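Following: one structure in structure tokens, then a few remarks.
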Amino acid sequence: LTHAQNSKMSKIIVDIFEGYELSTSDKGILERLQVPVSEDEAKRVEIVRQTTLLDSSQSDDGFDRISSLASRIFSMPYSAITMVDIDRVWYKSLCGIDMNEIPRDFAFDSFTVLSDMPEIFVVGDTLADKRFANNPLVTGHSKVRFYAGTPVVIENVKIGTLCVMDTKPRNAFSLEDKENLLDLGAAVSLLAGERRES
């Protein structure tokens, strides 16, 4: 185990998990991250990279249809399908925001993929949550004030997210909303699994 200390938290990075091992450079990157990581990070990162979705075209009909549908179902201006790499979040599909990636330290998705997070991660008011109040997606042009995300899962490992975001805070995300997001997320997980290289 590698122990990493910084001003915001202390964390333990597990070098090897179920036969998956972090490289020396990846361990160094994780030690510098300001966001927490799960003990299955070695396996998680390897599976993300096996999907070949990182740095792939953002024009992908299967993923784009799901992200577009998510924006319409939830009446939110932004939606995204992401892959969470070791130090960045790659946007595989986006509605309403024009970018390719964001540092992992700035991403809501960094929390959605934690192994101990619930199936739906909701931030009702980003400005009221100290974890995100200074996030560039919140303070910048996009002005994200609400986030709801569900993980993209392969082999019970959270490798990315399907998320929806709004420019105004929301007090509620109903049970029906959660069920709809879970169903869409499951469809993304199936697509991502089909892209995995053995």
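Note on naming: chains are A, B, ... as they come in the structure tokens, residues start from 1 per chain, ligands start from 1 in the order shown.
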
Looking only at helix (DSSP H, G or I) from DSSP on the backbone, list the matching residues of range 75-185 of chain A as an MDAnalysis selection string.
chainID A and resid 104:106 109:112 126:128 136:139 175:185

Output N, CA and C atoms of each residue in that selection to a file, as a compact mmCIF listing (two decimals), in the first residue's frame.
```
# COMPACT_ATOMS: atom_id res chain seq x y z
N ARG A 104 -9.60 15.05 -13.50
CA ARG A 104 -10.40 14.26 -12.56
C ARG A 104 -10.70 15.01 -11.27
N ASP A 105 -9.77 15.87 -10.85
CA ASP A 105 -9.98 16.64 -9.63
C ASP A 105 -11.18 17.57 -9.73
N PHE A 106 -11.60 17.93 -10.94
CA PHE A 106 -12.71 18.86 -11.12
C PHE A 106 -14.04 18.17 -11.41
N ASP A 109 -17.97 13.22 -11.64
CA ASP A 109 -17.91 11.79 -11.94
C ASP A 109 -16.88 11.06 -11.09
N SER A 110 -15.88 11.78 -10.60
CA SER A 110 -14.87 11.16 -9.74
C SER A 110 -15.51 10.56 -8.49
N PHE A 111 -16.60 11.17 -8.04
CA PHE A 111 -17.31 10.67 -6.86
C PHE A 111 -18.31 9.58 -7.25
N THR A 112 -18.92 9.72 -8.42
CA THR A 112 -19.92 8.74 -8.87
C THR A 112 -19.30 7.35 -9.01
N THR A 126 -24.93 22.68 -6.43
CA THR A 126 -23.46 22.59 -6.45
C THR A 126 -22.80 23.72 -5.67
N LEU A 127 -23.42 24.90 -5.64
CA LEU A 127 -22.82 26.01 -4.90
C LEU A 127 -22.91 25.81 -3.40
N ALA A 128 -23.85 24.99 -2.96
CA ALA A 128 -24.01 24.74 -1.53
C ALA A 128 -23.16 23.56 -1.05
N PRO A 136 -14.77 24.43 -11.93
CA PRO A 136 -14.91 25.24 -13.15
C PRO A 136 -16.22 25.02 -13.90
N LEU A 137 -16.80 23.81 -13.80
CA LEU A 137 -18.10 23.58 -14.44
C LEU A 137 -19.21 24.36 -13.74
N VAL A 138 -18.97 24.69 -12.47
CA VAL A 138 -19.95 25.44 -11.68
C VAL A 138 -19.72 26.94 -11.84
N THR A 139 -18.47 27.36 -11.74
CA THR A 139 -18.17 28.79 -11.77
C THR A 139 -17.97 29.34 -13.18
N LEU A 175 -38.05 9.07 -7.41
CA LEU A 175 -37.79 7.65 -7.58
C LEU A 175 -37.90 7.27 -9.05
N GLU A 176 -38.89 7.81 -9.75
CA GLU A 176 -39.02 7.54 -11.18
C GLU A 176 -37.81 8.06 -11.95
N ASP A 177 -37.35 9.27 -11.58
CA ASP A 177 -36.14 9.81 -12.21
C ASP A 177 -34.97 8.86 -12.01
N LYS A 178 -34.81 8.39 -10.79
CA LYS A 178 -33.69 7.50 -10.49
C LYS A 178 -33.79 6.20 -11.28
N GLU A 179 -34.98 5.65 -11.38
CA GLU A 179 -35.17 4.41 -12.13
C GLU A 179 -34.86 4.61 -13.61
N ASN A 180 -35.29 5.75 -14.16
CA ASN A 180 -35.01 6.05 -15.57
C ASN A 180 -33.50 6.20 -15.81
N LEU A 181 -32.83 6.89 -14.89
CA LEU A 181 -31.38 7.08 -15.05
C LEU A 181 -30.65 5.74 -14.92
N LEU A 182 -31.08 4.90 -14.00
CA LEU A 182 -30.47 3.58 -13.86
C LEU A 182 -30.64 2.74 -15.12
N ASP A 183 -31.83 2.78 -15.72
CA ASP A 183 -32.07 2.00 -16.95
C ASP A 183 -31.20 2.50 -18.09
N LEU A 184 -31.08 3.81 -18.24
CA LEU A 184 -30.23 4.37 -19.29
C LEU A 184 -28.76 4.03 -19.02
N GLY A 185 -28.36 4.10 -17.75
CA GLY A 185 -26.99 3.76 -17.39
C GLY A 185 -26.67 2.31 -17.69
```

Set out as a Markdown table a contact list for range 85-189 of chain A and range 43-54 of chain A with a cut-off of 7 Å, giving each residue of range 85-189 of chain A that qualifies its closest atom pair and distance in Å to one decimal, counting only C-alpha atoms, ordered by chain and rising residue number.
```
| residue | atom | partner | partner_atom | distance |
| --- | --- | --- | --- | --- |
| A:Asp85 | CA | A:Val45 | CA | 6.1 |
| A:Ile86 | CA | A:Val45 | CA | 6.3 |
| A:Trp90 | CA | A:Leu54 | CA | 6.2 |
| A:Val157 | CA | A:Arg44 | CA | 5.9 |
| A:Lys158 | CA | A:Arg44 | CA | 6.7 |
| A:Ile159 | CA | A:Val48 | CA | 5.6 |
```

Could you dump the residues just selected with N, CA and C atoms as an mmCIF file, in the first residue's frame?
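Result went into result_1.cif, see below:
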```cif
data_model
loop_
_atom_site.group_PDB
_atom_site.id
_atom_site.type_symbol
_atom_site.label_atom_id
_atom_site.label_comp_id
_atom_site.auth_asym_id
_atom_site.auth_seq_id
_atom_site.Cartn_x
_atom_site.Cartn_y
_atom_site.Cartn_z
ATOM 1 N N ASP A 85 -10.589 8.101 -16.338
ATOM 2 C CA ASP A 85 -9.216 7.601 -16.435
ATOM 3 C C ASP A 85 -8.481 7.916 -15.135
ATOM 4 N N ILE A 86 -7.210 7.629 -15.104
ATOM 5 C CA ILE A 86 -6.427 7.788 -13.878
ATOM 6 C C ILE A 86 -6.408 9.238 -13.383
ATOM 7 N N TRP A 90 -12.846 11.537 -19.550
ATOM 8 C CA TRP A 90 -13.021 11.663 -20.999
ATOM 9 C C TRP A 90 -14.512 11.664 -21.313
ATOM 10 N N VAL A 157 -17.405 -3.205 -11.677
ATOM 11 C CA VAL A 157 -16.467 -2.106 -11.455
ATOM 12 C C VAL A 157 -16.983 -0.868 -12.183
ATOM 13 N N LYS A 158 -16.980 0.260 -11.483
ATOM 14 C CA LYS A 158 -17.497 1.514 -12.032
ATOM 15 C C LYS A 158 -16.408 2.205 -12.856
ATOM 16 N N ILE A 159 -16.593 2.241 -14.170
ATOM 17 C CA ILE A 159 -15.551 2.779 -15.037
ATOM 18 C C ILE A 159 -15.858 4.169 -15.578
#
```

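Residue nearest Tyr78 in chain A within the list A:Lys130, A:Lys27, A:Arg196, A:Arg145: A:Arg145 [criterion: smallest interatomic distance, only C-alpha atoms].
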
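Straight-line separation from CA of Val37 in chain A to CA of Gly96 in chain A: 28.2 Å.
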
Show which residues sit within 6 Å of Ala80 in chain A, as a PyMOL selection string. Count only C-alpha atoms, and ignore same-chain residues fewer than 2 positions away.
chain A and resi 67+93-94+162-163

Give the strand (DSSP E) residues of chain A, as assigned by DSSP on the backbone, as number ranges by chain.
A: 2-5, 10-13, 16-17, 20-21, 78-84, 88-95, 101-103, 121-123, 146-154, 157-166

Neighbour list for Tyr91 in chain A as a ChimeraX atom specification, cut-off 8 Å, only C-alpha atoms, skip fewer than 4 positions in-chain:
/A:58,80-83,99-101

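Between Asn135 in chain A and the candidates A:Ile154, A:Val35, A:Ala107, A:Ser23, the tightest atom-to-atom separation, counting only C-alpha atoms, involves A:Ala107.
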
One decimal, Å: what's the distance from CA of Asp125 in chain A over to CA of Val164 in chain A, could you say?
13.4 Å
